[in-house]
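Text of protein.txt (compact mmCIF, C-alpha atoms) as supplied:
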```txt
# COMPACT_ATOMS: atom_id res chain seq x y z
CA MET A 3 -3.73 -19.29 2.75
CA PRO A 4 -6.76 -19.72 4.98
CA ALA A 5 -10.02 -17.92 4.46
CA THR A 6 -11.81 -15.67 6.87
CA GLU A 7 -15.12 -17.44 7.29
CA GLU A 8 -18.40 -15.65 7.73
CA SER A 9 -21.97 -16.52 6.78
CA GLY A 10 -23.44 -16.22 3.29
CA ASP A 11 -22.10 -14.25 0.37
CA ASP A 12 -20.56 -11.63 2.68
CA ALA A 13 -17.75 -14.01 3.63
CA LEU A 14 -14.29 -12.83 2.65
CA TYR A 15 -12.08 -15.70 1.58
CA VAL A 16 -8.59 -14.33 2.15
CA LEU A 17 -6.05 -15.10 -0.56
CA THR A 18 -3.15 -12.84 0.35
CA ALA A 19 -2.28 -9.60 2.11
CA VAL A 20 0.28 -6.83 1.78
CA LEU A 21 1.40 -3.88 3.87
CA LEU A 22 0.81 -0.27 2.91
CA THR A 23 3.23 1.66 5.12
CA PRO A 24 5.90 4.31 4.45
CA ALA A 25 8.61 1.64 4.38
CA GLN A 26 6.67 -1.13 2.60
CA PHE A 27 3.96 -0.55 0.03
CA PRO A 28 2.96 -2.04 -3.32
CA SER A 29 5.10 -0.02 -5.70
CA VAL A 30 2.57 -0.44 -8.52
CA LEU A 31 0.50 2.16 -6.68
CA GLY A 32 3.02 5.00 -6.74
CA ASP A 33 6.55 6.34 -6.34
CA ASP A 34 6.00 7.13 -2.66
CA TYR A 35 3.71 6.37 0.25
CA PRO A 36 1.32 9.35 -0.13
CA GLU A 37 0.94 8.59 -3.84
CA ALA A 38 0.21 4.92 -3.10
CA CYS A 39 -2.40 5.90 -0.52
CA ALA A 40 -4.01 8.40 -2.92
CA ALA A 41 -4.39 5.62 -5.52
CA LEU A 42 -6.72 3.88 -3.04
CA GLY A 43 -8.42 7.00 -1.73
CA LEU A 44 -6.70 6.76 1.66
CA GLU A 45 -5.14 9.33 3.94
CA PRO A 46 -1.36 8.77 4.26
CA TYR A 47 -1.32 8.12 8.00
CA GLU A 48 2.21 7.38 9.18
CA VAL A 49 1.26 4.08 10.87
CA GLY A 50 -0.09 2.78 7.57
CA TYR A 51 -2.56 0.08 6.60
CA GLY A 52 -2.88 -3.56 5.73
CA LEU A 53 -4.45 -4.60 2.42
CA VAL A 54 -6.28 -7.93 2.48
CA LEU A 55 -7.10 -9.39 -0.93
CA GLY A 56 -9.84 -11.97 -1.20
CA GLN A 57 -13.11 -13.12 -2.74
CA ASP A 58 -16.65 -12.98 -1.45
CA GLY A 59 -19.09 -15.87 -1.56
CA ARG A 60 -19.95 -15.03 -5.16
CA GLY A 61 -16.30 -15.07 -6.19
CA ALA A 62 -16.00 -11.29 -6.59
CA ARG A 63 -12.61 -9.69 -5.97
CA TRP A 64 -12.31 -7.32 -3.00
CA THR A 65 -9.46 -5.42 -1.36
CA VAL A 66 -10.21 -4.77 2.29
CA VAL A 67 -8.21 -1.99 3.96
CA THR A 68 -7.54 -2.36 7.68
CA ASP A 69 -5.73 -0.14 10.14
CA ASP A 70 -4.63 -3.22 12.14
CA VAL A 71 -1.17 -3.21 10.59
CA SER A 72 0.30 -5.51 13.23
CA LEU A 73 -2.25 -8.23 12.49
CA VAL A 74 -1.52 -8.18 8.76
CA ALA A 75 2.25 -8.06 9.35
CA CYS A 76 1.99 -11.09 11.65
CA ALA A 77 -0.05 -13.01 9.07
CA ILE A 78 2.43 -12.23 6.28
CA ALA A 79 5.42 -13.26 8.41
CA THR A 80 3.69 -16.53 9.37
CA TRP A 81 2.78 -17.35 5.78
CA ASP A 82 6.33 -16.57 4.67
CA CYS A 83 7.49 -19.25 7.10
CA GLY A 84 5.16 -21.76 5.46
CA MET A 85 2.74 -21.93 8.37
CA GLU A 86 -1.01 -21.38 8.49
CA TYR A 87 -2.56 -18.24 9.91
CA ASP A 88 -6.27 -17.49 9.98
CA LEU A 89 -6.41 -13.80 9.13
CA SER A 90 -9.74 -12.72 10.62
CA LEU A 91 -10.45 -9.01 10.58
CA ASP A 92 -12.38 -7.18 13.26
CA ASP A 93 -15.02 -5.03 11.57
CA ARG A 94 -13.97 -2.13 13.78
CA THR A 95 -10.54 -2.09 12.11
CA VAL A 96 -11.86 -2.07 8.52
CA VAL A 97 -11.27 1.31 6.89
CA SER A 98 -12.81 0.52 3.50
CA SER A 99 -13.67 -2.31 1.11
CA LEU A 100 -12.62 -1.64 -2.47
CA PRO A 101 -13.76 -3.66 -5.49
CA GLY A 102 -11.05 -5.45 -7.44
CA TRP A 103 -7.40 -6.15 -6.69
CA PRO A 104 -4.51 -3.73 -7.34
CA LEU A 105 -2.12 -6.66 -7.68
CA ALA A 106 -2.13 -9.82 -9.76
CA VAL A 107 -3.13 -12.82 -7.63
CA ALA A 108 -2.45 -16.26 -9.05
CA VAL A 109 -4.64 -18.27 -6.66
CA ALA A 110 -8.39 -18.45 -6.10
CA ALA A 111 -10.66 -19.46 -3.23
CA PRO A 112 -11.97 -23.04 -3.47
CA GLY A 113 -15.68 -23.71 -3.72
CA VAL A 114 -16.68 -20.29 -5.08
CA PRO A 115 -16.97 -18.96 -8.65
CA ALA A 116 -13.80 -17.91 -10.46
CA PRO A 117 -12.41 -14.47 -9.52
CA HIS A 118 -14.27 -11.61 -11.19
CA ASP A 119 -14.96 -7.96 -10.51
CA PRO A 120 -18.14 -7.24 -8.54
CA ALA A 121 -21.06 -5.64 -10.31
CA PRO A 122 -20.62 -1.84 -10.56
CA ASP A 123 -22.61 0.45 -8.31
CA PRO A 124 -24.45 2.84 -10.67
CA GLU A 125 -24.74 5.47 -7.94
CA LEU A 126 -20.97 5.73 -7.58
CA GLY A 127 -20.06 5.78 -11.27
CA ASP A 128 -16.32 5.94 -11.97
CA ALA A 129 -15.59 6.23 -8.25
CA ALA A 130 -16.47 2.53 -7.94
CA ARG A 131 -14.29 1.40 -10.84
CA PRO A 132 -12.61 -1.85 -9.71
CA LEU A 133 -8.94 -1.89 -8.89
CA ALA A 134 -6.81 -3.78 -11.40
CA PRO A 135 -3.13 -4.67 -11.74
CA PRO A 136 -1.15 -2.79 -14.40
CA ASP A 137 -1.03 -4.07 -17.96
CA SER A 138 2.04 -6.29 -18.20
CA GLU A 139 2.22 -5.79 -21.96
CA ARG A 140 3.05 -2.09 -21.87
CA TRP A 141 5.95 -0.26 -20.23
CA GLY A 142 5.14 2.55 -17.86
CA ALA A 143 5.77 3.82 -14.35
CA ALA A 144 4.16 0.81 -12.68
CA GLN A 145 6.19 -1.66 -14.75
CA ARG A 146 9.37 0.33 -14.08
CA ARG A 147 8.74 0.13 -10.33
CA LEU A 148 7.91 -3.57 -10.53
CA GLY A 149 11.19 -4.11 -12.36
CA ALA A 150 13.04 -2.38 -9.55
CA ASP A 151 11.19 -4.55 -7.04
CA GLU A 152 12.40 -7.66 -8.86
CA ILE A 153 16.02 -6.48 -8.84
CA ALA A 154 15.86 -5.76 -5.11
CA LEU A 155 14.34 -9.18 -4.47
CA GLN A 156 16.78 -11.05 -6.72
CA TRP A 157 19.86 -8.90 -6.20
CA ALA A 158 22.38 -11.75 -6.31
CA ILE A 159 21.05 -13.00 -9.65
CA TRP A 160 21.13 -9.55 -11.24
CA ARG A 161 24.54 -8.77 -9.75
CA GLU A 162 26.01 -11.97 -11.21
CA GLN A 163 25.00 -10.79 -14.68
CA VAL A 164 27.21 -7.74 -14.28
CA ASP A 165 30.83 -8.84 -14.62
CA SER A 166 34.06 -7.47 -16.00
CA GLU A 167 32.73 -7.65 -19.55
CA VAL A 168 29.81 -5.35 -18.84
CA THR A 169 30.33 -1.65 -19.42
CA PHE A 170 29.10 0.24 -16.39
CA VAL A 171 27.38 3.55 -16.80
CA SER A 172 29.80 6.07 -15.39
CA PRO A 173 28.46 8.37 -12.68
CA GLY A 174 31.29 10.80 -13.42
CA GLU A 175 32.10 12.75 -16.56
CA ASN A 176 30.11 12.10 -19.76
CA PRO A 177 27.59 9.75 -18.15
CA HIS A 178 24.41 8.39 -19.67
CA GLY A 179 22.03 11.36 -19.79
CA GLY A 180 19.20 9.58 -17.99
CA VAL A 181 21.50 8.29 -15.26
CA ARG A 182 22.97 11.74 -14.74
CA ARG A 183 19.46 13.12 -14.25
CA VAL A 184 18.65 10.36 -11.76
CA LEU A 185 21.79 10.98 -9.73
CA GLU A 186 21.19 14.74 -9.71
CA GLU A 187 17.58 14.33 -8.58
CA ALA A 188 18.59 11.79 -5.95
CA ARG A 189 21.25 14.17 -4.69
CA GLY A 190 18.60 16.88 -4.57
CA TYR A 191 16.71 14.78 -2.04
CA LEU A 192 19.50 15.48 0.44
CA ASP A 193 18.66 19.20 0.39
CA THR A 194 14.90 18.93 -0.10
CA PRO A 195 13.53 15.73 1.44
CA PRO A 196 11.03 14.01 -0.88
CA PRO A 197 7.60 12.64 0.08
CA LEU A 198 7.65 9.81 2.61
CA GLY A 199 8.61 6.49 1.08
CA ARG A 200 10.51 7.86 -1.92
CA ILE A 201 13.65 6.50 -0.26
CA ARG A 202 13.48 3.16 1.51
CA SER A 203 16.15 1.03 3.15
CA ALA A 204 15.94 -2.71 3.81
CA PHE A 205 18.20 -5.41 5.21
CA ALA A 206 21.01 -6.86 3.10
CA ALA A 207 23.93 -9.20 3.68
CA GLY A 208 26.55 -8.18 6.20
CA ASP A 209 26.49 -4.53 7.21
CA ALA A 210 25.08 -3.38 3.88
CA ARG A 211 21.57 -2.12 3.16
CA THR A 212 19.40 -2.48 0.09
CA LEU A 213 18.46 1.03 -0.92
CA ARG A 214 15.46 1.92 -3.08
CA ALA A 215 14.84 5.42 -4.40
CA ASP A 216 12.19 6.57 -6.86
CA GLY A 217 11.39 9.79 -8.64
CA PRO A 218 9.48 11.14 -11.61
CA GLY A 219 10.18 8.65 -14.39
CA TRP A 220 12.92 6.69 -12.62
CA SER A 221 13.75 4.04 -10.04
CA MET A 222 17.09 3.15 -8.51
CA VAL A 223 18.04 0.01 -6.58
CA ALA A 224 21.43 -0.22 -4.89
CA ARG A 225 23.45 -1.89 -2.18
CA THR A 226 25.22 0.60 0.02
CA ASP A 227 28.46 -1.38 -0.37
CA ASP A 228 28.10 -2.05 -4.09
CA ILE A 229 26.68 -0.74 -7.36
CA ALA A 230 23.29 0.61 -8.38
CA PHE A 231 20.76 -0.25 -11.07
CA VAL A 232 18.63 2.42 -12.72
CA LEU A 233 15.37 1.97 -14.63
CA LEU A 234 13.76 4.74 -16.66
CA ASP A 235 10.30 5.31 -18.07
CA ASP A 236 12.00 6.62 -21.20
CA GLU A 237 13.91 3.38 -21.82
CA PRO A 238 11.41 0.49 -21.77
CA GLY A 239 12.77 -2.71 -20.29
CA GLU A 240 16.33 -1.41 -19.95
CA VAL A 241 18.30 -1.92 -16.73
CA LEU A 242 21.32 0.37 -16.44
CA PRO A 243 24.08 -0.75 -14.02
CA VAL A 244 25.86 2.22 -12.45
CA GLY A 245 29.46 1.76 -11.29
CA ARG A 246 30.49 3.04 -7.88
CA GLY A 247 32.99 5.56 -9.18
CA PRO A 248 33.88 8.59 -7.05
CA GLU A 249 30.30 9.79 -6.40
CA LEU A 250 28.02 6.84 -5.80
CA PRO A 251 29.29 5.55 -2.41
CA ALA A 252 28.81 8.86 -0.59
CA LEU A 253 25.42 9.43 -2.24
CA LEU A 254 24.14 5.99 -1.23
CA THR A 255 25.35 6.46 2.34
CA ALA A 256 23.64 9.84 2.61
CA LEU A 257 20.38 8.56 1.12
CA ASP A 258 20.39 5.57 3.46
CA LYS A 259 20.62 7.86 6.48
CA MET A 260 17.38 9.61 5.52
CA ALA A 261 15.52 6.54 4.24
CA VAL A 262 12.52 5.02 6.01
CA ARG A 263 13.07 1.49 7.32
CA PRO A 264 10.74 -1.37 8.21
CA ASN A 265 9.98 -1.67 11.91
```
Structure translated into structure tokens:
Amino acid sequence: MPATEESGDDALYVLTAVLLTPAQFPSVLGDDYPEACAALGLEPYEVGYGLVLGQDGRGARWTVVTDDVSLVACAIATWDCGMEYDLSLDDRTVVSSLPGWPLAVAVAAPGVPAPHDPAPDPELGDAARPLAPPDSERWGAAQRRLGADEIALQWAIWREQVDSEVTFVSPGENPHGGVRRVLEEARGYLDTPPPLGRIRSAFAAGDARTLRADGPGWSMVARTDDIAFVLLDDEPGEVLPVGRGPELPALLTALDKMAVRPN
């Protein structure tokens, strides 16, 4: 991806960018949009932000927050099509510049030192602690949400692994205790709407939608015309397929109606 060129060490060489909006945000940051914003010290404005990840002229990692969401969305869409896009930020749209990256980035800017965290500002203390991706070696909320992201992204692959020989977790009588809790809390969202972004809906094949719901200690990924997968903080690395049964279809339909959707 092209760099944003400026003079001297203040140049930001752009490596990638992501959206931080109610419908699309890096799930490593939180279960919902306000929580994700709070992780970066941002106000959860409904329009959202763009996060631009890059290196300065000394190779230091920086995450630049911009309120020009349309610009970042255009850049991401262009890159996804395999085309070049020079993402140049107007200083007037920059909300903050945060040291470090909240996500793992596998590439580096050419011609500058290897990626590293900038030197700490002694006046800021812990407030200037660099952002860092979650530890991939330990299971926790961030890893659980990343697992749900992967299932949503690779739905067909995960769905193929669930065939007639797999025992579905029943959403009816005598279900898995963790799944029962998830379904009850998800159903509770219908009466008491959760924070913005806890329920998100994205495009899927045909008339279906890919539904994502999160809560304290759990994530659920589902297709509105199919099954669901549940991940729990209490069960490291486990993915629990939930059969449609008598309850799931109506619950998914109701959740989809109140979910936030990408523009």
Give me, as CSV, each residue of stretch 50-151 of chain A that comes within 9 Å of stretch 238-241 of chain A, together with its shortest interatomic pair and the distance in Å at one decimal, counting all atoms listed in the file, with rows ordered by chain and rising residue number.
```
residue,atom,partner,partner_atom,distance
A:Arg140,CA,A:Pro238,CA,8.7
A:Trp141,CA,A:Pro238,CA,5.7
A:Gly142,CA,A:Pro238,CA,7.7
A:Gln145,CA,A:Gly239,CA,8.7
A:Arg146,CA,A:Gly239,CA,7.7
A:Gly149,CA,A:Gly239,CA,8.2
A:Ala150,CA,A:Val241,CA,8.9
```
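Taking atom CA of A:Asp82 and atom CA of A:Ser29 as endpoints, the distance between them is 19.6 Å.
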Selection: 8 Å around A:Val262, only C-alpha atoms, excl. self and same-chain fewer than 6 positions, as a PyMOL selection string: chain A and resi 24-25+198-199+201-203
Leaving out A:Arg225 and any residue of its chain fewer than 6 positions from it, which residues lie within 6 Å of it when counting only C-alpha atoms, given as JSON, numbers by chain? {"A": [211, 212, 213]}
Rank nothing, just name the residue among A:Gly113, A:Asp119, A:Ala75, A:Ala224 nearest to A:Gln156, using all atoms listed in the file.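 Closest candidate: A:Ala224.
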Looking at only C-alpha atoms, which of A:Val30, A:Leu233, A:Ala111, A:Leu185 is the one that sits closest to A:Pro251?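 Using only C-alpha atoms, the shortest distance to A:Pro251 belongs to A:Leu185.
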I'd like the neighbourhood of stretch 129-138 of chain A as a list in words, where a residue qualifies if any of its atoms comes within 7 Å (using only C-alpha atoms), though same-chain residues fewer than 4 positions away should be ignored.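 Contacts, with the query itself left out: Pro101, Gly102, Trp103, Pro104, Leu105, Ala106, Asp119, Pro122, Asp123 and Ala144 of chain A.
For the set A:Val16, A:Glu139, A:Ala110, A:Asp70, the residue with the smallest atom-to-atom gap to A:Tyr87 is A:Val16, counting all atoms listed in the file.
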What's the separation between atom CA of A:Glu45 and atom CA of A:Leu234, in Å to one decimal place?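 Going from atom CA of A:Glu45 over to atom CA of A:Leu234, I get 28.3 Å.
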